[in-house]
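Undergrad: Contents are compact mmCIF, C-alpha atoms; file name input_7.txt:
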```txt
# COMPACT_ATOMS: atom_id res chain seq x y z
CA MET A 6 12.47 -29.93 -24.51
CA GLN A 7 10.12 -28.04 -22.26
CA ASP A 8 9.13 -31.01 -20.08
CA ASP A 9 12.78 -31.51 -19.06
CA ASP A 10 12.96 -27.89 -17.87
CA VAL A 11 9.76 -28.32 -15.88
CA PHE A 12 10.93 -31.49 -14.12
CA ARG A 13 14.37 -30.00 -13.44
CA ALA A 14 12.81 -26.85 -12.01
CA LEU A 15 10.49 -28.88 -9.77
CA ALA A 16 13.28 -31.17 -8.52
CA ASP A 17 14.29 -28.70 -5.82
CA ALA A 18 12.57 -28.17 -2.47
CA SER A 19 13.30 -24.42 -2.36
CA ARG A 20 11.70 -23.86 -5.73
CA ARG A 21 8.66 -25.91 -4.72
CA THR A 22 8.40 -23.75 -1.58
CA LEU A 23 8.37 -20.61 -3.73
CA LEU A 24 5.59 -22.11 -5.90
CA ASP A 25 3.65 -23.03 -2.73
CA ARG A 26 3.87 -19.43 -1.57
CA LEU A 27 2.56 -18.16 -4.90
CA GLN A 28 -0.17 -20.77 -4.87
CA ARG A 29 -1.33 -19.40 -1.50
CA ARG A 30 -1.08 -15.78 -2.63
CA ASP A 31 -0.45 -15.00 -6.26
CA GLY A 32 1.21 -11.89 -7.65
CA GLN A 33 3.98 -11.26 -5.09
CA THR A 34 7.06 -9.04 -5.35
CA LEU A 35 10.57 -10.35 -4.74
CA ASN A 36 10.57 -8.71 -1.28
CA GLU A 37 7.31 -10.39 -0.34
CA LEU A 38 8.57 -13.76 -1.56
CA CYS A 39 11.81 -13.42 0.44
CA ALA A 40 10.03 -12.52 3.68
CA GLY A 41 10.39 -15.23 6.32
CA LEU A 42 12.48 -17.55 4.14
CA ALA A 43 15.84 -18.96 5.22
CA MET A 44 17.26 -18.15 1.77
CA THR A 45 19.31 -15.20 0.64
CA ARG A 46 17.74 -12.74 -1.74
CA GLN A 47 20.30 -13.83 -4.35
CA ALA A 48 19.23 -17.46 -3.98
CA VAL A 49 15.56 -16.55 -4.33
CA THR A 50 16.34 -14.49 -7.45
CA LYS A 51 18.23 -17.43 -8.96
CA HIS A 52 15.41 -19.90 -8.20
CA LEU A 53 12.81 -17.51 -9.64
CA ALA A 54 14.83 -17.24 -12.88
CA ILE A 55 14.88 -21.05 -13.20
CA LEU A 56 11.13 -21.25 -12.52
CA GLN A 57 10.53 -18.53 -15.08
CA SER A 58 12.60 -20.20 -17.79
CA ALA A 59 10.63 -23.41 -17.20
CA ASN A 60 7.47 -21.29 -17.66
CA LEU A 61 6.26 -22.19 -14.15
CA ILE A 62 6.00 -18.55 -13.17
CA ALA A 63 5.13 -15.45 -15.16
CA VAL A 64 6.37 -11.98 -14.28
CA GLN A 65 4.29 -8.88 -14.89
CA ARG A 66 4.94 -5.24 -14.16
CA GLN A 67 2.29 -3.25 -12.34
CA GLY A 68 3.51 0.32 -12.10
CA ARG A 69 6.94 0.09 -10.51
CA ALA A 70 6.36 -3.33 -8.96
CA LYS A 71 7.45 -6.58 -10.60
CA LEU A 72 4.93 -9.25 -9.63
CA HIS A 73 5.39 -13.02 -9.81
CA PHE A 74 2.47 -15.26 -10.77
CA ILE A 75 2.32 -19.06 -10.68
CA ASN A 76 1.63 -20.49 -14.15
CA PRO A 77 -0.08 -23.89 -13.88
CA VAL A 78 -0.22 -24.53 -17.65
CA PRO A 79 2.98 -26.67 -18.04
CA ILE A 80 1.99 -28.88 -15.09
CA ASN A 81 -1.44 -29.30 -16.62
CA ASP A 82 0.15 -30.28 -19.96
CA ILE A 83 2.11 -33.01 -18.15
CA ALA A 84 -0.97 -34.21 -16.26
CA GLU A 85 -3.03 -34.34 -19.47
CA ARG A 86 -0.38 -36.54 -21.04
CA TRP A 87 -0.75 -39.40 -18.55
CA ILE A 88 -4.13 -38.93 -16.91
CA SER A 89 -7.19 -39.69 -18.96
CA LYS A 90 -10.39 -37.82 -18.28
CA PHE A 91 -11.97 -41.02 -16.99
CA GLN A 92 -9.37 -41.44 -14.25
CA ARG A 93 -9.55 -37.82 -13.20
CA HIS A 94 -12.60 -38.18 -10.94
CA HIS A 95 -11.16 -41.22 -9.16
CA LEU A 96 -7.83 -39.50 -8.62
CA ARG A 97 -9.53 -36.42 -7.24
CA ALA A 98 -11.49 -38.59 -4.80
CA LEU A 99 -8.27 -40.36 -3.71
CA SER A 100 -6.45 -37.05 -3.18
CA ALA A 101 -9.35 -35.74 -1.10
CA LEU A 102 -9.38 -38.93 0.99
CA LYS A 103 -5.62 -38.79 1.58
CA LYS A 104 -5.84 -35.13 2.55
CA ALA A 105 -8.75 -35.72 4.94
CA LEU A 106 -7.10 -38.72 6.62
CA GLU A 107 -3.71 -37.06 6.99
CA GLU A 108 -5.24 -33.93 8.46
CA GLU A 109 -7.05 -36.13 11.00
CA ASP A 110 -3.73 -37.70 12.03
CA HIS A 111 -2.28 -34.31 12.86
CA GLU A 112 -5.00 -33.47 15.35
CA MET B 27 1.30 -3.72 -1.68
CA SER B 28 0.20 -6.13 -4.36
CA GLU B 29 -3.44 -5.69 -3.33
CA ALA B 30 -4.40 -5.13 -6.98
CA ALA B 31 -2.95 -8.52 -7.86
CA ARG B 32 -5.17 -10.46 -5.54
CA SER B 33 -7.73 -11.23 -8.22
CA THR B 34 -5.38 -11.68 -11.13
CA PHE B 35 -4.34 -14.95 -12.73
CA VAL B 36 -1.73 -15.22 -15.45
CA TYR B 37 -1.42 -18.15 -17.86
CA VAL B 38 1.45 -18.58 -20.26
CA THR B 39 1.91 -21.23 -22.93
CA TYR B 40 4.28 -21.59 -25.88
CA ILE B 41 2.68 -23.03 -29.02
CA ARG B 42 4.48 -24.15 -32.16
CA THR B 43 2.41 -22.18 -34.68
CA SER B 44 2.18 -18.71 -36.25
CA ALA B 45 0.62 -15.68 -34.55
CA GLU B 46 -2.00 -15.53 -37.35
CA THR B 47 -3.10 -19.14 -36.84
CA LEU B 48 -3.23 -18.73 -33.06
CA TRP B 49 -5.22 -15.51 -33.45
CA SER B 50 -7.83 -17.33 -35.60
CA ALA B 51 -7.90 -20.21 -33.13
CA LEU B 52 -8.77 -17.80 -30.31
CA LEU B 53 -11.43 -15.83 -32.18
CA LYS B 54 -13.17 -18.16 -34.64
CA PRO B 55 -16.11 -20.29 -33.45
CA GLU B 56 -15.25 -23.26 -35.68
CA PHE B 57 -11.86 -23.37 -33.90
CA THR B 58 -12.97 -22.57 -30.32
CA LYS B 59 -15.57 -25.33 -30.20
CA GLN B 60 -12.79 -27.87 -30.75
CA TYR B 61 -10.86 -26.98 -27.60
CA TRP B 62 -13.04 -24.71 -25.40
CA TYR B 63 -15.49 -27.17 -23.82
CA GLY B 64 -17.39 -27.21 -27.12
CA MET B 65 -18.18 -23.50 -26.84
CA GLU B 66 -18.29 -21.07 -29.79
CA MET B 67 -16.73 -17.63 -29.47
CA ILE B 68 -18.86 -15.16 -31.43
CA SER B 69 -18.14 -11.49 -32.23
CA ASP B 70 -17.46 -9.02 -35.06
CA TRP B 71 -14.11 -8.34 -33.35
CA LYS B 72 -14.14 -4.57 -33.66
CA PRO B 73 -13.40 -2.12 -30.83
CA GLY B 74 -16.58 -1.73 -28.76
CA ALA B 75 -18.25 -4.79 -30.34
CA SER B 76 -19.88 -7.35 -28.09
CA TRP B 77 -18.64 -10.94 -27.85
CA LYS B 78 -20.20 -14.08 -26.42
CA LEU B 79 -19.23 -17.66 -25.66
CA VAL B 80 -22.10 -19.94 -26.58
CA PHE B 81 -22.67 -23.53 -25.43
CA ALA B 82 -23.56 -26.16 -28.04
CA ASP B 83 -27.19 -26.00 -26.83
CA GLY B 84 -27.36 -22.23 -27.48
CA ARG B 85 -27.03 -20.99 -23.88
CA VAL B 86 -24.68 -18.02 -23.42
CA GLY B 87 -21.89 -18.88 -20.96
CA ASP B 88 -19.97 -15.62 -20.87
CA MET B 89 -20.16 -12.32 -22.72
CA GLY B 90 -18.68 -8.84 -22.82
CA GLU B 91 -17.20 -6.13 -25.01
CA VAL B 92 -14.02 -5.72 -27.02
CA LEU B 93 -11.88 -3.04 -25.32
CA GLU B 94 -8.74 -3.22 -27.46
CA ILE B 95 -7.96 -5.24 -30.56
CA GLU B 96 -4.68 -5.34 -32.44
CA PRO B 97 -4.52 -8.43 -34.70
CA PRO B 98 -2.61 -10.69 -34.36
CA ARG B 99 -0.89 -9.39 -31.22
CA ARG B 100 -3.27 -8.19 -28.52
CA LEU B 101 -6.89 -8.46 -27.48
CA VAL B 102 -8.47 -6.98 -24.36
CA ILE B 103 -12.06 -7.87 -23.53
CA ARG B 104 -14.45 -7.10 -20.68
CA TRP B 105 -15.81 -10.35 -19.27
CA HIS B 106 -19.23 -11.02 -17.69
CA ASN B 107 -20.21 -14.49 -16.59
CA GLU B 108 -23.79 -15.34 -17.53
CA PHE B 109 -24.46 -18.88 -16.45
CA ARG B 110 -23.68 -18.80 -12.72
CA PRO B 111 -25.74 -16.23 -10.79
CA GLU B 112 -23.15 -15.76 -7.99
CA LEU B 113 -20.47 -14.96 -10.58
CA LYS B 114 -22.75 -12.73 -12.63
CA ALA B 115 -23.53 -10.68 -9.51
CA GLU B 116 -19.86 -9.88 -9.10
CA GLY B 117 -19.74 -7.63 -12.17
CA PRO B 118 -17.24 -7.59 -14.99
CA ALA B 119 -13.66 -8.80 -15.12
CA GLN B 120 -11.06 -8.10 -17.78
CA CYS B 121 -9.18 -10.59 -19.91
CA THR B 122 -6.09 -9.79 -21.99
CA PHE B 123 -4.53 -12.03 -24.65
CA ASP B 124 -0.97 -11.19 -25.67
CA LEU B 125 0.69 -13.05 -28.56
CA GLU B 126 4.47 -12.76 -28.96
CA PRO B 127 6.05 -14.74 -31.81
CA SER B 128 9.65 -15.83 -31.39
CA GLY B 129 11.24 -18.25 -33.87
CA ASP B 130 8.81 -21.06 -34.63
CA VAL B 131 6.73 -20.62 -31.47
CA VAL B 132 4.27 -18.06 -30.19
CA LYS B 133 4.15 -17.12 -26.53
CA LEU B 134 0.53 -16.71 -25.48
CA THR B 135 -0.11 -14.86 -22.21
CA ILE B 136 -3.63 -14.68 -20.81
CA THR B 137 -4.21 -12.29 -17.91
CA HIS B 138 -7.62 -12.53 -16.31
CA SER B 139 -8.29 -10.01 -13.57
CA SER B 140 -11.02 -8.44 -11.52
CA VAL B 141 -10.82 -5.23 -9.51
CA LYS B 142 -12.67 -7.16 -6.83
CA ALA B 143 -10.34 -8.70 -4.25
CA ASP B 144 -10.91 -12.46 -3.86
CA SER B 145 -13.07 -12.57 -6.98
CA LYS B 146 -15.01 -15.84 -7.28
CA LEU B 147 -15.14 -15.41 -11.05
CA ILE B 148 -11.35 -15.34 -11.25
CA VAL B 149 -11.11 -18.47 -9.10
CA ALA B 150 -13.75 -20.17 -11.30
CA VAL B 151 -11.96 -19.38 -14.57
CA SER B 152 -8.65 -20.47 -13.02
CA GLY B 153 -9.92 -24.05 -13.08
CA GLY B 154 -10.75 -23.78 -16.77
CA TRP B 155 -7.87 -21.94 -18.44
CA PRO B 156 -5.07 -24.53 -17.98
CA LYS B 157 -7.22 -27.22 -19.54
CA ILE B 158 -8.42 -24.98 -22.38
CA LEU B 159 -4.81 -23.97 -23.13
CA SER B 160 -3.54 -27.57 -23.07
CA ASN B 161 -6.30 -28.50 -25.52
CA LEU B 162 -5.51 -25.49 -27.74
CA LYS B 163 -1.79 -26.37 -27.81
CA THR B 164 -2.54 -29.99 -28.75
CA LEU B 165 -4.99 -28.91 -31.46
CA LEU B 166 -2.56 -26.46 -33.09
CA GLU B 167 0.52 -28.67 -32.82
CA THR B 168 -1.03 -31.98 -33.86
CA GLY B 169 -4.12 -30.88 -35.79
CA LYS B 170 -6.26 -33.05 -33.51
CA PRO B 171 -8.22 -31.89 -30.48
CA MET B 172 -7.94 -33.89 -27.25
CA ALA B 173 -11.05 -35.72 -26.17
CA THR B 174 -12.66 -33.08 -23.98
CA GLU B 175 -15.43 -33.18 -21.47
CA LYS B 176 -18.13 -30.57 -21.95
CA LEU B 177 -19.23 -28.24 -19.18
```
Rewrite the structure of this file - the entire thing - as structure tokens.

TA:
Amino acid sequence: MQDDDVFRALADASRRTLLDRLQRRDGQTLNELCAGLAMTRQAVTKHLAILQSANLIAVQRQGRAKLHFINPVPINDIAERWISKFQRHHLRALSALKKALEEEDHE
Amino acid sequence: MSEAARSTFVYVTYIRTSAETLWSALLKPEFTKQYWYGMEMISDWKPGASWKLVFADGRVGDMGEVLEIEPPRRLVIRWHNEFRPELKAEGPAQCTFDLEPSGDVVKLTITHSSVKADSKLIVAVSGGWPKILSNLKTLLETGKPMATEKL
């Protein structure tokens, strides 16, 4: 079942960090993704394979480089399952409020 | 290093269907209007032919030309936005659909890219594709479209 793979892949802070990095800048090589992380290259490779088999990242070749892209489609499928289109606007407003207030706290 | 990737988004979904059915769902207006914000995809689908995505009220949302077509496996189209002036000004992007059947599912990969770094068009379509693909998957696997908002 694909949803199980997605939840399992997301249930790990290192893998979420890798997704965060791709969210900030998409299409990175393994070297770029490893830069500045306290993880071995082998660990990053293993986490990327798990993310890829859960379809959370897609890998494409551009010339000799192998680039990693975040794939938001499975997360959207999960969101669509429990969030109706009527709630969406309210939830977006709540997220924006939370973000604004928490950023204020940090100042 | 991955400068060229800066304005590329990749979307992948696995749909329980055949490549032929998925191909029709992507290219036929009676299908697209059920999952693509009510829009109809219109073209002769020959190399060099033009295509357009038309809103229910007749306005053209996006348009372009067919660059490569290999049914039911691969389609490459040039993509111009028509309904938002700031996106139209940016010039064309390119969108590739790859269909890879394996067992009873088809892997659909959509790659939407612009040579322009930090393309606003690519960011704009990135909000739309996940929803369109979730709708498409639901339609093909259950026969029923999800209730969708229109743009």

Undergrad: To one decimal place in Å, what is the distance between CA of Trp105 in chain B and CA of Gly68 in chain A?

TA: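 Pair CA of Trp105 in chain B / CA of Gly68 in chain A returns 23.2 Å.
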
Undergrad: Asp8 in chain A: which residues within 8 Å, counting all atoms listed in the file, same-chain residues fewer than 4 positions away excluded, as a VMD selection string?

TA: chain A and resid 12 79 83

Undergrad: Considering only C-alpha atoms, extract the chain A residues located within 9 Å of chain B and return them as number ranges by chain.

TA: A: 30-34, 60-65, 67, 70, 72, 74-82, 85, 90

Undergrad: Could you save the residues just selected, with C-alpha atoms, as a compact mmCIF listing (two decimals), keeping the file's coordinate frame?

TA:
```txt
# COMPACT_ATOMS: atom_id res chain seq x y z
CA ARG A 30 -1.08 -15.78 -2.63
CA ASP A 31 -0.45 -15.00 -6.26
CA GLY A 32 1.21 -11.89 -7.65
CA GLN A 33 3.98 -11.26 -5.09
CA THR A 34 7.06 -9.04 -5.35
CA ASN A 60 7.47 -21.29 -17.66
CA LEU A 61 6.26 -22.19 -14.15
CA ILE A 62 6.00 -18.55 -13.17
CA ALA A 63 5.13 -15.45 -15.16
CA VAL A 64 6.37 -11.98 -14.28
CA GLN A 65 4.29 -8.88 -14.89
CA GLN A 67 2.29 -3.25 -12.34
CA ALA A 70 6.36 -3.33 -8.96
CA LEU A 72 4.93 -9.25 -9.63
CA PHE A 74 2.47 -15.26 -10.77
CA ILE A 75 2.32 -19.06 -10.68
CA ASN A 76 1.63 -20.49 -14.15
CA PRO A 77 -0.08 -23.89 -13.88
CA VAL A 78 -0.22 -24.53 -17.65
CA PRO A 79 2.98 -26.67 -18.04
CA ILE A 80 1.99 -28.88 -15.09
CA ASN A 81 -1.44 -29.30 -16.62
CA ASP A 82 0.15 -30.28 -19.96
CA GLU A 85 -3.03 -34.34 -19.47
CA LYS A 90 -10.39 -37.82 -18.28
```

Undergrad: Write out as a PyMOL selection string each polymer residue whose atoms come within 9 Å of range 38-44 of chain A, counting all atoms listed in the file; drop sequence neighbours fewer than 2 positions from it.

TA: chain A and resi 19+23+26-27+33-36+46-49+73

Undergrad: Return the single residue from B:Leu147, B:Ile103, B:Leu52, B:Ile95 that is closest to Gly117 in chain B, with distances computed using all atoms listed in the file.

TA: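 Looking only at the distances to Gly117 in chain B, the closest residue turns out to be B:Leu147.
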
Undergrad: Report, in Å with one decimal, the straight-line distance from CA of Lys133 in chain B to CA of Gln57 in chain A.

TA: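 Taking CA of Lys133 in chain B as the start and CA of Gln57 in chain A as the end point, the length is 13.2 Å.
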
Undergrad: Measuring between only C-alpha atoms, which one of B:Lys54, B:Arg104, B:Lys72, B:Lys170 shows the shortest distance to Ala119 in chain B?

TA: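 Of the candidates, the smallest distance to Ala119 in chain B is held by B:Arg104.
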
Undergrad: List every protein, DNA or RNA residue with an atom no more than 6 Å from (-10.2, -8.2, -16.3) in the file's coordinates, counting only C-alpha atoms, and format the result as an MDAnalysis selection string.

TA: chainID B and resid 119:121 138:140

Undergrad: Hey, what's within 6 Å of Met67 in chain B if we count only C-alpha atoms and toss same-chain stuff fewer than 4 positions away? As a list in words, please?

TA: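 Selected residues are Pro55, Lys78 and Leu79 of chain B.
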
Undergrad: Applying 12 Å and all atoms listed in the file, which residues near Ala82 in chain B remain after dropping the ones on its own chain fewer than 2 positions away? List them as a PyMOL selection string.

TA: chain B and resi 55-56+58-60+62-67+79-80+84-87+176-177

Undergrad: Restricting the calculation to only C-alpha atoms: of A:His94, A:Arg21, A:Lys71, A:Arg13, which residue gets closest to Glu37 in chain A?

TA: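 Using only C-alpha atoms, the shortest distance to Glu37 in chain A belongs to A:Lys71.
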
Undergrad: Pick out the closest residue to Gln7 in chain A from this set: B:Ile41, B:Pro98, B:Gly74, B:Leu165. Count only C-alpha atoms.

TA: B:Ile41

Undergrad: Pick out the closest residue to Asp130 in chain B from this set: B:Asp144, B:Glu108, B:Glu167, B:Glu96. Count all atoms listed in the file.

TA: B:Glu167
